[in-house]
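**Q** This one is target_35.csv, CSV, C-alpha atoms.
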chain,number,residue,atom,x,y,z
A,459,MET,CA,0.0,0.0,0.0
A,460,GLN,CA,1.4,3.3,-1.0
A,461,ARG,CA,0.9,6.1,1.5
A,462,GLY,CA,3.0,8.7,-0.3
A,463,LEU,CA,2.2,10.2,-3.7
A,464,ASP,CA,3.3,8.7,-6.9
A,465,SER,CA,6.4,10.4,-8.3
A,466,GLU,CA,4.3,11.4,-11.3
A,467,THR,CA,1.5,12.9,-9.3
A,468,ARG,CA,4.1,14.6,-7.2
A,469,LYS,CA,5.7,16.2,-10.3
A,470,GLN,CA,2.3,17.3,-11.5
A,471,LEU,CA,1.5,18.9,-8.2
A,472,GLU,CA,4.8,20.7,-8.2
A,473,GLU,CA,4.3,22.0,-11.7
A,474,GLU,CA,0.8,23.3,-10.8
A,475,GLU,CA,2.2,25.0,-7.7
A,476,LYS,CA,4.9,26.7,-9.9
A,477,LYS,CA,2.2,27.8,-12.4
A,478,ILE,CA,0.2,29.4,-9.7
A,479,ILE,CA,3.2,31.2,-8.2
A,480,SER,CA,4.3,32.5,-11.6
A,481,GLU,CA,0.8,33.7,-12.5
A,482,GLU,CA,0.6,35.6,-9.3
A,483,HIS,CA,3.6,37.7,-10.2
A,484,TRP,CA,2.6,40.8,-12.0
A,485,TYR,CA,4.3,42.1,-15.0
A,486,LEU,CA,3.8,44.8,-17.6
A,487,ASP,CA,2.6,43.4,-20.9
A,488,LEU,CA,4.5,46.0,-22.9
A,489,PRO,CA,7.0,45.5,-25.7
A,490,GLU,CA,10.6,46.2,-24.7
A,491,LEU,CA,11.3,49.9,-25.0
A,492,LYS,CA,14.8,50.8,-26.1
A,493,GLU,CA,16.2,53.9,-24.5
A,494,LYS,CA,17.1,56.3,-27.3
A,495,GLU,CA,20.6,57.4,-27.2
A,496,CYS,CA,20.3,61.2,-27.0
A,497,PHE,CA,23.0,63.2,-28.6
A,498,ILE,CA,21.8,66.5,-27.3
A,499,ILE,CA,22.7,67.9,-23.9
A,500,GLU,CA,20.9,70.9,-22.5
A,501,GLU,CA,22.9,73.6,-20.7
A,502,GLN,CA,21.5,76.9,-19.5
A,503,SER,CA,24.8,78.6,-18.9
A,504,PHE,CA,26.5,81.1,-21.2
A,505,LEU,CA,30.0,80.0,-19.9
A,506,LEU,CA,30.1,77.1,-22.4
A,507,CYS,CA,28.9,79.2,-25.3
A,508,GLU,CA,31.1,82.2,-25.2
A,509,ASP,CA,34.6,82.7,-23.8
A,510,LEU,CA,33.9,85.4,-21.3
A,511,LEU,CA,36.6,87.2,-19.5
A,512,TYR,CA,36.8,87.3,-15.7
A,513,GLY,CA,34.2,89.7,-14.2
A,514,ARG,CA,36.6,91.8,-12.0
A,515,MET,CA,38.7,94.3,-13.8
A,516,SER,CA,41.0,97.1,-12.8
A,517,PHE,CA,42.8,99.5,-15.1
A,518,ARG,CA,45.9,101.7,-14.8
A,519,GLY,CA,46.8,100.2,-11.4
A,520,PHE,CA,43.8,101.2,-9.5
A,521,ASN,CA,43.7,97.9,-7.6
A,522,PRO,CA,46.9,95.9,-8.0
A,523,GLU,CA,45.5,92.7,-6.6
A,524,VAL,CA,42.6,92.7,-9.1
A,525,GLU,CA,45.1,93.3,-11.9
A,526,LYS,CA,47.1,90.3,-10.8
A,527,LEU,CA,43.9,88.2,-10.7
A,528,MET,CA,43.0,89.4,-14.1
A,529,LEU,CA,46.2,88.0,-15.5
A,530,GLN,CA,45.8,84.8,-13.7
A,531,MET,CA,42.2,84.1,-14.6
A,532,ASN,CA,42.4,85.3,-18.2
A,533,ALA,CA,45.5,83.2,-18.7
A,534,LYS,CA,43.6,80.2,-17.4
A,535,ASN,CA,41.0,80.7,-20.1
A,536,LYS,CA,43.4,80.9,-22.9
A,537,VAL,CA,44.9,77.4,-22.8
A,538,GLU,CA,47.3,78.4,-25.6
A,539,GLU,CA,50.8,77.8,-24.6
A,540,VAL,CA,51.6,75.9,-21.5
A,541,GLU,CA,54.8,77.7,-20.9
A,542,SER,CA,56.8,75.1,-19.2
A,543,GLU,CA,60.0,77.1,-19.4
A,544,ALA,CA,62.3,77.0,-16.4
A,545,VAL,CA,61.3,79.4,-13.7
A,546,GLU,CA,63.6,82.4,-13.7
A,547,LEU,CA,66.2,81.7,-11.1
A,548,ASP,CA,66.9,84.5,-8.7
A,549,VAL,CA,69.6,82.4,-7.0
A,550,SER,CA,71.9,80.1,-9.0
A,551,ASP,CA,72.3,76.5,-8.1
A,552,GLU,CA,75.8,76.8,-6.9
A,553,GLU,CA,74.9,79.6,-4.6
A,554,MET,CA,72.1,77.5,-3.2
A,555,ALA,CA,74.5,74.6,-2.6
A,556,ARG,CA,76.9,76.9,-0.7
A,557,ARG,CA,74.1,78.3,1.4
A,558,TYR,CA,72.9,74.9,2.3
A,559,GLU,CA,76.4,74.0,3.4
A,560,THR,CA,76.5,76.8,5.9
A,561,LEU,CA,72.9,76.4,6.8
A,562,VAL,CA,73.7,73.0,8.4
A,563,GLY,CA,76.1,74.7,10.7
A,564,THR,CA,73.9,77.6,11.8
A,565,ILE,CA,70.8,75.5,12.3
A,566,GLY,CA,72.8,72.9,14.1
A,567,LYS,CA,74.1,75.5,16.5
A,568,LYS,CA,70.5,76.4,17.3
A,569,PHE,CA,69.7,72.9,18.5
A,570,ALA,CA,73.0,72.2,20.2
A,571,LYS,CA,73.0,72.3,24.0
A,572,LYS,CA,74.7,75.1,25.8
A,573,ARG,CA,77.8,73.1,26.3
A,574,ASP,CA,78.1,72.0,22.7
A,575,ARG,CA,77.6,75.5,21.4
A,576,ALA,CA,81.2,76.3,22.2
A,577,ASN,CA,82.2,73.7,19.7
A,578,TYR,CA,80.9,75.6,16.8
A,579,GLU,CA,83.7,77.8,15.6
A,580,GLU,CA,84.3,79.8,12.5
A,581,ASP,CA,86.5,77.8,10.2
A,582,GLU,CA,87.9,78.8,6.8
A,583,ASN,CA,85.6,81.0,4.8
A,584,GLY,CA,83.6,82.3,7.7
A,585,HIS,CA,81.3,79.2,7.6
A,586,ILE,CA,80.2,78.0,11.0
A,587,LYS,CA,81.1,74.4,11.4
A,588,PRO,CA,81.2,72.2,14.4
A,589,THR,CA,84.7,71.2,15.4
A,590,VAL,CA,85.0,67.6,16.4
A,591,LYS,CA,86.3,67.5,19.9
A,592,VAL,CA,87.6,64.5,21.7
A,593,LYS,CA,85.1,63.4,24.3
A,594,LYS,CA,86.5,63.6,27.8
A,595,MET,CA,86.6,60.2,29.4
A,596,PHE,CA,86.5,59.6,33.1
A,597,LEU,CA,90.1,59.6,34.5
A,598,LYS,CA,90.5,57.4,37.3
A,599,PRO,CA,92.2,59.2,40.1
A,600,GLN,CA,95.6,57.9,40.8
A,601,ASP,CA,96.6,57.2,44.2
B,1217,MET,CA,4.8,59.0,-48.6
B,1218,ALA,CA,7.1,61.9,-49.3
B,1219,GLU,CA,4.3,63.7,-51.1
B,1220,ALA,CA,1.9,63.3,-48.2
B,1221,VAL,CA,4.6,64.7,-45.9
B,1222,GLY,CA,5.1,67.5,-48.2
B,1223,ALA,CA,1.4,68.4,-48.3
B,1224,VAL,CA,1.2,68.3,-44.6
B,1225,ALA,CA,4.2,70.6,-44.4
B,1226,GLU,CA,2.7,73.1,-46.7
B,1227,SER,CA,-0.5,73.3,-44.8
B,1228,LEU,CA,1.3,74.1,-41.5
B,1229,PRO,CA,4.1,76.4,-42.6
B,1230,GLY,CA,5.1,77.1,-39.1
B,1231,ASP,CA,6.1,73.5,-38.4
B,1232,ARG,CA,8.6,73.0,-41.1
B,1233,ALA,CA,11.9,72.3,-39.5
B,1234,ARG,CA,14.9,74.1,-40.9
B,1235,ALA,CA,18.4,73.0,-40.8
B,1236,ALA,CA,20.3,74.7,-38.1
B,1237,ARG,CA,23.2,75.3,-40.4
B,1238,THR,CA,21.2,77.5,-42.7
B,1239,VAL,CA,19.9,79.6,-40.0
B,1240,LEU,CA,23.1,80.6,-38.2
B,1241,ASP,CA,23.3,84.2,-37.2
B,1242,GLN,CA,19.7,84.8,-38.3
B,1243,VAL,CA,16.8,85.7,-36.2
B,1244,VAL,CA,14.8,82.7,-34.9
B,1245,LEU,CA,11.5,82.8,-33.1
B,1246,PRO,CA,10.2,80.6,-30.3
B,1247,GLY,CA,8.5,77.5,-31.6
B,1248,GLU,CA,10.7,76.9,-34.5
B,1249,GLU,CA,12.3,73.5,-34.8
B,1250,LEU,CA,15.8,73.1,-36.0
B,1251,LEU,CA,17.5,70.1,-37.5
B,1252,LEU,CA,21.0,69.2,-36.7
B,1253,PRO,CA,23.3,68.7,-39.6
B,1254,GLU,CA,23.4,64.9,-39.4
B,1255,GLN,CA,19.7,64.6,-39.3
B,1256,GLU,CA,19.2,66.9,-42.2
B,1257,ASP,CA,21.3,64.5,-44.3
B,1258,ALA,CA,19.3,61.6,-43.1
B,1259,GLU,CA,16.0,63.3,-44.2
B,1260,GLY,CA,17.8,63.5,-47.5
B,1261,PRO,CA,16.6,64.4,-50.9
B,1262,GLY,CA,12.9,63.9,-50.6
B,1263,GLY,CA,12.3,62.6,-54.1
B,1264,ALA,CA,14.7,59.8,-54.1
B,1265,GLY,CA,13.7,56.8,-52.1
B,1266,GLU,CA,17.2,55.5,-51.6
B,1267,ARG,CA,19.7,57.1,-49.3
B,1268,PRO,CA,23.0,57.9,-50.9
B,1269,LEU,CA,25.6,55.5,-49.9
B,1270,ARG,CA,28.1,57.0,-47.5
B,1271,LEU,CA,31.6,55.9,-47.5
B,1272,ASN,CA,32.3,57.7,-44.3
B,1273,ALA,CA,29.6,56.1,-42.3
B,1274,GLY,CA,31.7,56.9,-39.2
B,1275,THR,CA,30.3,60.5,-39.1
B,1276,ARG,CA,27.0,59.1,-38.0
B,1277,SER,CA,28.4,58.5,-34.6
B,1278,ARG,CA,28.7,62.1,-33.8
B,1279,GLY,CA,29.6,63.6,-30.5
B,1280,ARG,CA,27.2,65.2,-28.2
B,1281,VAL,CA,25.7,68.5,-29.3
B,1282,VAL,CA,25.2,71.0,-26.5
B,1283,CYS,CA,22.1,73.1,-26.7
B,1284,GLY,CA,22.6,76.3,-24.8
B,1285,PRO,CA,20.4,79.1,-23.5
B,1286,GLY,CA,17.3,79.7,-25.6
B,1287,LEU,CA,17.1,76.2,-27.0
B,1288,ARG,CA,15.5,73.0,-25.8
B,1289,ARG,CA,15.8,69.4,-26.9
B,1290,CYS,CA,12.7,68.1,-28.7
B,1291,GLY,CA,13.1,64.5,-29.7
B,1292,ASP,CA,16.1,64.7,-32.0
B,1293,ARG,CA,15.7,68.3,-32.9
B,1294,LEU,CA,16.3,71.6,-31.2
B,1295,LEU,CA,13.3,73.7,-30.2
B,1296,VAL,CA,13.8,77.5,-30.0
B,1297,THR,CA,12.4,79.0,-26.8
B,1298,LYS,CA,13.7,82.6,-27.1
B,1299,CYS,CA,13.8,85.0,-29.9
B,1300,GLY,CA,17.2,86.1,-31.1
B,1301,ARG,CA,20.0,85.2,-33.3
B,1302,LEU,CA,21.2,81.6,-33.5
B,1303,ARG,CA,24.8,81.1,-32.8
B,1304,HIS,CA,27.1,78.2,-33.1
B,1305,LYS,CA,30.5,77.4,-31.7
B,1306,GLU,CA,32.7,74.7,-33.1
B,1307,PRO,CA,34.1,72.2,-30.6
B,1308,GLY,CA,37.6,73.1,-29.5
B,1309,GLY,CA,38.9,69.8,-28.3
B,1310,GLY,CA,37.5,67.8,-31.2
B,1311,SER,CA,34.9,66.0,-29.0
B,1312,GLY,CA,31.3,66.8,-29.2
B,1313,GLY,CA,29.3,68.5,-32.0
B,1314,GLY,CA,29.7,72.0,-30.8
B,1315,VAL,CA,27.4,74.4,-29.0
B,1316,TYR,CA,24.3,76.0,-30.4
B,1317,TRP,CA,22.6,78.9,-28.6
B,1318,VAL,CA,20.3,81.9,-29.1
B,1319,ASP,CA,21.8,85.3,-28.5
B,1320,SER,CA,18.8,87.1,-27.0
B,1321,GLN,CA,18.3,90.2,-25.0
B,1322,GLN,CA,16.6,90.5,-21.6
B,1323,LYS,CA,16.8,92.4,-18.4
B,1324,ARG,CA,15.4,89.9,-16.0
B,1325,TYR,CA,18.0,87.5,-14.7
B,1326,VAL,CA,17.4,83.8,-14.0
B,1327,PRO,CA,20.0,82.2,-11.7
B,1328,VAL,CA,22.3,79.7,-13.5
B,1329,LYS,CA,24.8,77.5,-11.8
B,1330,GLY,CA,28.3,78.7,-12.2
B,1331,ASP,CA,27.5,82.3,-12.9
B,1332,HIS,CA,29.4,85.0,-11.1
B,1333,VAL,CA,27.0,87.6,-9.9
B,1334,ILE,CA,26.9,90.7,-7.7
B,1335,GLY,CA,24.5,90.5,-4.9
B,1336,ILE,CA,23.3,92.8,-2.1
B,1337,VAL,CA,23.0,91.4,1.4
B,1338,THR,CA,19.5,91.9,2.6
B,1339,ALA,CA,19.3,89.9,5.8
B,1340,LYS,CA,21.4,88.0,8.2
B,1341,SER,CA,19.7,85.0,9.8
B,1342,GLY,CA,21.6,82.6,11.9
B,1343,ASP,CA,24.3,81.0,9.8
B,1344,ILE,CA,23.3,82.3,6.4
B,1345,PHE,CA,23.0,85.6,4.6
B,1346,LYS,CA,20.2,86.4,2.3
B,1347,VAL,CA,21.5,88.0,-0.9
B,1348,ASP,CA,19.4,89.7,-3.5
B,1349,VAL,CA,20.7,88.8,-6.9
B,1350,GLY,CA,17.8,90.0,-9.0
B,1351,GLY,CA,16.1,86.7,-9.4
B,1352,SER,CA,12.8,85.5,-8.2
B,1353,GLU,CA,14.0,84.8,-4.7
B,1354,PRO,CA,17.0,85.8,-2.7
B,1355,ALA,CA,20.0,83.5,-2.7
B,1356,SER,CA,21.4,82.1,0.4
B,1357,LEU,CA,25.0,82.4,1.3
B,1358,SER,CA,26.6,80.5,4.2
B,1359,TYR,CA,29.0,82.4,6.4
B,1360,LEU,CA,31.5,79.5,6.0
B,1361,ALA,CA,31.6,80.0,2.2
B,1362,PHE,CA,34.3,82.7,2.5
B,1363,GLU,CA,38.0,82.1,2.3
B,1364,GLY,CA,39.5,81.5,5.7
B,1365,ALA,CA,36.2,81.5,7.5
B,1366,THR,CA,35.7,79.2,10.4
B,1367,LYS,CA,33.0,78.9,13.0
B,1368,ARG,CA,34.9,81.2,15.3
B,1369,ASN,CA,36.4,83.4,12.6
B,1370,ARG,CA,33.3,84.9,11.0
B,1371,PRO,CA,33.5,87.0,7.9
B,1372,ASN,CA,32.8,90.7,8.3
B,1373,VAL,CA,29.7,91.0,6.2
B,1374,GLN,CA,26.9,93.5,7.1
B,1375,VAL,CA,23.5,94.0,5.7
B,1376,GLY,CA,23.7,96.2,2.6
B,1377,ASP,CA,27.2,95.0,1.5
B,1378,LEU,CA,27.9,94.1,-2.0
B,1379,ILE,CA,29.0,90.5,-2.6
B,1380,TYR,CA,30.7,89.0,-5.7
B,1381,GLY,CA,30.1,85.3,-5.7
B,1382,GLN,CA,29.0,82.3,-7.9
B,1383,PHE,CA,26.1,80.0,-7.7
B,1384,VAL,CA,26.5,76.4,-6.7
B,1385,VAL,CA,22.8,75.5,-6.8
B,1386,ALA,CA,20.5,77.2,-9.2
B,1387,ASN,CA,17.5,75.5,-10.6
B,1388,LYS,CA,13.8,76.2,-10.8
B,1389,ASP,CA,12.9,73.9,-8.0
B,1390,MET,CA,15.2,75.1,-5.2
B,1391,GLU,CA,16.3,78.3,-3.6
B,1392,PRO,CA,19.6,79.4,-5.2
B,1393,GLU,CA,22.7,79.1,-3.2
B,1394,MET,CA,25.9,81.0,-3.7
B,1395,VAL,CA,29.4,80.9,-2.4
B,1396,CYS,CA,32.4,83.2,-2.4
B,1397,ILE,CA,35.1,80.5,-2.8
B,1398,ASP,CA,36.0,78.3,-5.7
B,1399,SER,CA,36.3,74.6,-5.7
B,1400,CYS,CA,39.8,74.7,-4.3
B,1401,GLY,CA,38.8,76.8,-1.3
B,1402,ARG,CA,40.4,80.0,-2.6
B,1403,ALA,CA,38.6,83.3,-2.9
B,1404,SER,CA,40.0,84.1,-6.4
B,1405,GLY,CA,38.5,87.6,-6.4
B,1406,MET,CA,35.1,86.8,-4.8
B,1407,GLY,CA,33.8,88.1,-1.6
B,1408,VAL,CA,32.8,91.5,-0.3
B,1409,ILE,CA,33.3,94.3,-2.8
B,1410,GLY,CA,35.1,97.2,-1.2
B,1411,GLN,CA,33.9,100.6,-0.1
B,1412,ASP,CA,32.5,103.4,-2.3
B,1413,GLY,CA,31.8,103.0,-6.0
B,1414,LEU,CA,28.5,102.9,-7.8
B,1415,LEU,CA,26.3,99.9,-8.6
B,1416,PHE,CA,23.9,100.2,-11.6
B,1417,LYS,CA,21.9,97.8,-13.7
B,1418,VAL,CA,22.1,97.1,-17.4
B,1419,THR,CA,20.7,94.4,-19.7
B,1420,LEU,CA,22.2,91.0,-19.7
B,1421,GLY,CA,23.2,91.1,-23.3
B,1422,LEU,CA,25.4,94.2,-22.7
B,1423,ILE,CA,27.3,92.4,-19.9
B,1424,ARG,CA,28.1,89.5,-22.3
B,1425,LYS,CA,29.1,92.0,-25.0
B,1426,LEU,CA,31.4,93.8,-22.6
B,1427,LEU,CA,33.0,90.6,-21.3
B,1428,ALA,CA,33.7,89.3,-24.8
B,1429,PRO,CA,37.4,88.7,-25.3
B,1430,ASP,CA,37.7,91.3,-28.0
B,1431,CYS,CA,35.7,94.1,-26.6
B,1432,GLU,CA,36.9,97.5,-27.7
B,1433,ILE,CA,34.8,99.4,-25.3
B,1434,LEU,CA,36.7,98.2,-22.3
B,1435,GLN,CA,40.0,98.7,-23.9
B,1436,GLU,CA,39.1,102.3,-24.6
B,1437,VAL,CA,37.6,102.9,-21.2
B,1438,GLY,CA,40.7,101.5,-19.6
B,1439,LYS,CA,42.8,104.2,-21.2
B,1440,LEU,CA,40.9,107.1,-19.7
B,1441,TYR,CA,41.8,107.0,-16.1
B,1442,PRO,CA,42.5,104.5,-13.3
B,1443,LEU,CA,39.4,102.7,-12.4
B,1444,GLU,CA,38.0,99.4,-11.2
B,1445,ILE,CA,34.9,97.6,-12.6
B,1446,VAL,CA,33.1,94.4,-11.5
B,1447,PHE,CA,30.7,92.8,-13.8
B,1448,GLY,CA,27.9,90.5,-12.5
B,1449,MET,CA,26.1,88.2,-14.9
B,1450,ASN,CA,22.9,89.3,-13.4
B,1451,GLY,CA,23.1,92.6,-15.2
B,1452,ARG,CA,24.8,94.6,-12.4
B,1453,ILE,CA,27.9,96.5,-12.8
B,1454,TRP,CA,29.9,98.2,-10.0
B,1455,VAL,CA,32.4,100.9,-10.9
B,1456,LYS,CA,34.8,102.9,-8.9
B,1457,ALA,CA,37.2,105.6,-9.8
B,1458,LYS,CA,39.2,108.2,-7.9
B,1459,THR,CA,36.6,111.0,-7.9
B,1460,ILE,CA,32.8,110.9,-8.0
B,1461,GLN,CA,32.6,112.7,-11.2
B,1462,GLN,CA,34.8,110.1,-13.0
B,1463,THR,CA,32.7,107.3,-11.5
B,1464,LEU,CA,29.5,108.9,-12.9
B,1465,ILE,CA,31.1,109.5,-16.3
B,1466,LEU,CA,32.1,105.9,-16.4
B,1467,ALA,CA,28.6,104.7,-15.4
B,1468,ASN,CA,27.0,106.8,-18.1
B,1469,ILE,CA,29.3,105.6,-20.8
B,1470,LEU,CA,28.7,101.9,-19.9
B,1471,GLU,CA,24.9,102.4,-19.9
B,1472,ALA,CA,24.9,104.3,-23.1
B,1473,CYS,CA,27.3,102.3,-25.1
B,1474,GLU,CA,24.7,99.6,-25.7
B,1475,HIS,CA,22.8,101.8,-28.1
B,1476,MET,CA,25.7,103.7,-29.7
B,1477,THR,CA,27.5,102.8,-32.9
B,1478,ALA,CA,31.2,102.5,-32.9
B,1479,ASP,CA,31.6,106.0,-34.4
B,1480,GLN,CA,29.5,107.8,-31.8
B,1481,ARG,CA,31.5,106.0,-29.1
B,1482,LYS,CA,34.8,107.1,-30.5
B,1483,GLN,CA,33.6,110.7,-30.7
B,1484,ILE,CA,32.6,110.6,-27.0
B,1485,PHE,CA,35.9,109.0,-26.0
B,1486,SER,CA,37.9,111.6,-27.9
B,1487,ARG,CA,35.9,114.4,-26.3
B,1488,LEU,CA,36.5,112.9,-22.9
B,1489,ALA,CA,40.2,112.4,-23.5
B,1490,GLU,CA,40.5,116.1,-24.4
B,1491,SER,CA,38.7,117.4,-21.3
Spit out the file's structure as structure tokens when you get a sec.
**A**
Amino acid sequence: MQRGLDSETRKQLEEEEKKIISEEHWYLDLPELKEKECFIIEEQSFLLCEDLLYGRMSFRGFNPEVEKLMLQMNAKNKVEEVESEAVELDVSDEEMARRYETLVGTIGKKFAKKRDRANYEEDENGHIKPTVKVKKMFLKPQD
Amino acid sequence: MAEAVGAVAESLPGDRARAARTVLDQVVLPGEELLLPEQEDAEGPGGAGERPLRLNAGTRSRGRVVCGPGLRRCGDRLLVTKCGRLRHKEPGGGSGGGVYWVDSQQKRYVPVKGDHVIGIVTAKSGDIFKVDVGGSEPASLSYLAFEGATKRNRPNVQVGDLIYGQFVVANKDMEPEMVCIDSCGRASGMGVIGQDGLLFKVTLGLIRKLLAPDCEILQEVGKLYPLEIVFGMNGRIWVKAKTIQQTLILANILEACEHMTADQRKQIFSRLAES
């Protein structure tokens, strides 16, 4: 005697259940709409249309800061030549190297303790350099 | 089919769409539809049923065309919404199909994002200032939107001050908001405009004309005497010169130069230069 359902009837029942479930799901019976690719963008700003200058202006030196700004902003608009020429050097490279050499001495002096400051003397060309001193070791007293 | 279309077109003359290319620099009226160049080729010679074979089919995949102020997108065409002259600008970087817009004239300003405007502070409420920019409602300006402003270090802005700033939010659904710093946090010329000087109102078209890169009026004005001008895209100009008389002369020139021809302008400038 079979208590359980037949495999066939079981399958049929399952199919019927699936049908009911899928019929309960709602869907729109419309054909697939393709989104049209739009080639047109709407902009309400005049900045894109016309190259306008910067709104603040000063003439004949009335306001030097605004004149500086004018040069900056209007140069930004004109993306003509990106002048990547070397920045005009006020100080040459050699001079910079010399300065750095002495800089180490002067800054070092600032951070040296009071006792060590005496070690910084003026050598040769007037550069301040630390003179290496022999550290005083403990001398055992002789009898 | 083509004949039927033709008959319909004749009966409604207003709806015939013209090619944008043919209408450049001419006056267009609201309601006109304009065809973009690629479409006009597609509509093709009406009589022949076949389309001419194109070897350069790659041009179909055009870049994006930008429709600027005065134009709206209507399907694949441009719909004119303001009367004026149709202008076109070729794309600089090679991408996109260029910009079309209508060069119209109006006095009433509508806030647009990114525009630099001159505003007058009308109220100070809590953390924001209400700034009148000439639009339908006052713009809000937060006190933190100034260079170097912190909660403790408030900017020195009083009611009645003139502010030069730009819009960050400006659409028809929300209250416009403006700021006095750029995206990097620097003021770059924005903020409170200094003491003295004179603020007056002109049409929007004049502002754009004066701010054009090759504007002769400004070059001539700059040779007269030392002065400072600030242009707001909302039709407001602030001028300042050393004396009140010079400031007034300047204001009158700028207001009048809209309706003067180049000759009249040169006459006036030469007279001024003499005196």
**Q** Can you measure CA of His1304 in chain B to CA of Ile1433 in chain B for me? One decimal in Å is fine.
**A**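 Separation of CA of His1304 in chain B and CA of Ile1433 in chain B: 23.9 Å.
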**Q** Which residues of chain A are close to chain B, meaning at most 12 Å apart when you count all atoms listed in the file, and how do they look as a PDB file with C-alpha atoms, keeping the file's coordinate frame?
**A**
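Saved to part-v4.pdb:
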ATOM      1  CA  LYS A 494      17.100  56.300 -27.300  1.00  0.00           C
ATOM      2  CA  GLU A 495      20.600  57.400 -27.200  1.00  0.00           C
ATOM      3  CA  CYS A 496      20.300  61.200 -27.000  1.00  0.00           C
ATOM      4  CA  PHE A 497      23.000  63.200 -28.600  1.00  0.00           C
ATOM      5  CA  ILE A 498      21.800  66.500 -27.300  1.00  0.00           C
ATOM      6  CA  ILE A 499      22.700  67.900 -23.900  1.00  0.00           C
ATOM      7  CA  GLU A 500      20.900  70.900 -22.500  1.00  0.00           C
ATOM      8  CA  GLU A 501      22.900  73.600 -20.700  1.00  0.00           C
ATOM      9  CA  GLN A 502      21.500  76.900 -19.500  1.00  0.00           C
ATOM     10  CA  SER A 503      24.800  78.600 -18.900  1.00  0.00           C
ATOM     11  CA  PHE A 504      26.500  81.100 -21.200  1.00  0.00           C
ATOM     12  CA  LEU A 505      30.000  80.000 -19.900  1.00  0.00           C
ATOM     13  CA  LEU A 506      30.100  77.100 -22.400  1.00  0.00           C
ATOM     14  CA  CYS A 507      28.900  79.200 -25.300  1.00  0.00           C
ATOM     15  CA  GLU A 508      31.100  82.200 -25.200  1.00  0.00           C
ATOM     16  CA  ASP A 509      34.600  82.700 -23.800  1.00  0.00           C
ATOM     17  CA  LEU A 510      33.900  85.400 -21.300  1.00  0.00           C
ATOM     18  CA  LEU A 511      36.600  87.200 -19.500  1.00  0.00           C
ATOM     19  CA  TYR A 512      36.800  87.300 -15.700  1.00  0.00           C
ATOM     20  CA  GLY A 513      34.200  89.700 -14.200  1.00  0.00           C
ATOM     21  CA  ARG A 514      36.600  91.800 -12.000  1.00  0.00           C
ATOM     22  CA  MET A 515      38.700  94.300 -13.800  1.00  0.00           C
ATOM     23  CA  SER A 516      41.000  97.100 -12.800  1.00  0.00           C
ATOM     24  CA  PHE A 517      42.800  99.500 -15.100  1.00  0.00           C
ATOM     25  CA  ARG A 518      45.900 101.700 -14.800  1.00  0.00           C
ATOM     26  CA  GLY A 519      46.800 100.200 -11.400  1.00  0.00           C
ATOM     27  CA  PHE A 520      43.800 101.200  -9.500  1.00  0.00           C
ATOM     28  CA  ASN A 521      43.700  97.900  -7.600  1.00  0.00           C
ATOM     29  CA  PRO A 522      46.900  95.900  -8.000  1.00  0.00           C
ATOM     30  CA  GLU A 523      45.500  92.700  -6.600  1.00  0.00           C
ATOM     31  CA  VAL A 524      42.600  92.700  -9.100  1.00  0.00           C
ATOM     32  CA  GLU A 525      45.100  93.300 -11.900  1.00  0.00           C
ATOM     33  CA  LYS A 526      47.100  90.300 -10.800  1.00  0.00           C
ATOM     34  CA  LEU A 527      43.900  88.200 -10.700  1.00  0.00           C
ATOM     35  CA  MET A 528      43.000  89.400 -14.100  1.00  0.00           C
ATOM     36  CA  LEU A 529      46.200  88.000 -15.500  1.00  0.00           C
ATOM     37  CA  GLN A 530      45.800  84.800 -13.700  1.00  0.00           C
ATOM     38  CA  MET A 531      42.200  84.100 -14.600  1.00  0.00           C
ATOM     39  CA  ASN A 532      42.400  85.300 -18.200  1.00  0.00           C
ATOM     40  CA  ALA A 533      45.500  83.200 -18.700  1.00  0.00           C
ATOM     41  CA  ASN A 535      41.000  80.700 -20.100  1.00  0.00           C
ATOM     42  CA  LYS A 536      43.400  80.900 -22.900  1.00  0.00           C
ATOM     43  CA  VAL A 537      44.900  77.400 -22.800  1.00  0.00           C
ATOM     44  CA  GLU A 538      47.300  78.400 -25.600  1.00  0.00           C
TER      45      GLU A 538
END
**Q** Between CA of Thr1297 in chain B and CA of Ala1236 in chain B, what is the distance, to one decimal in Å?
**A**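 CA of Ala1236 in chain B lies at a distance of 14.4 Å from CA of Thr1297 in chain B.
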**Q** Quick one: distance from CA of Ala1489 in chain B to CA of Gln1461 in chain B in Å, one decimal?
**A**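 Atom-to-atom, CA of Ala1489 in chain B and CA of Gln1461 in chain B are spaced 14.5 Å apart.
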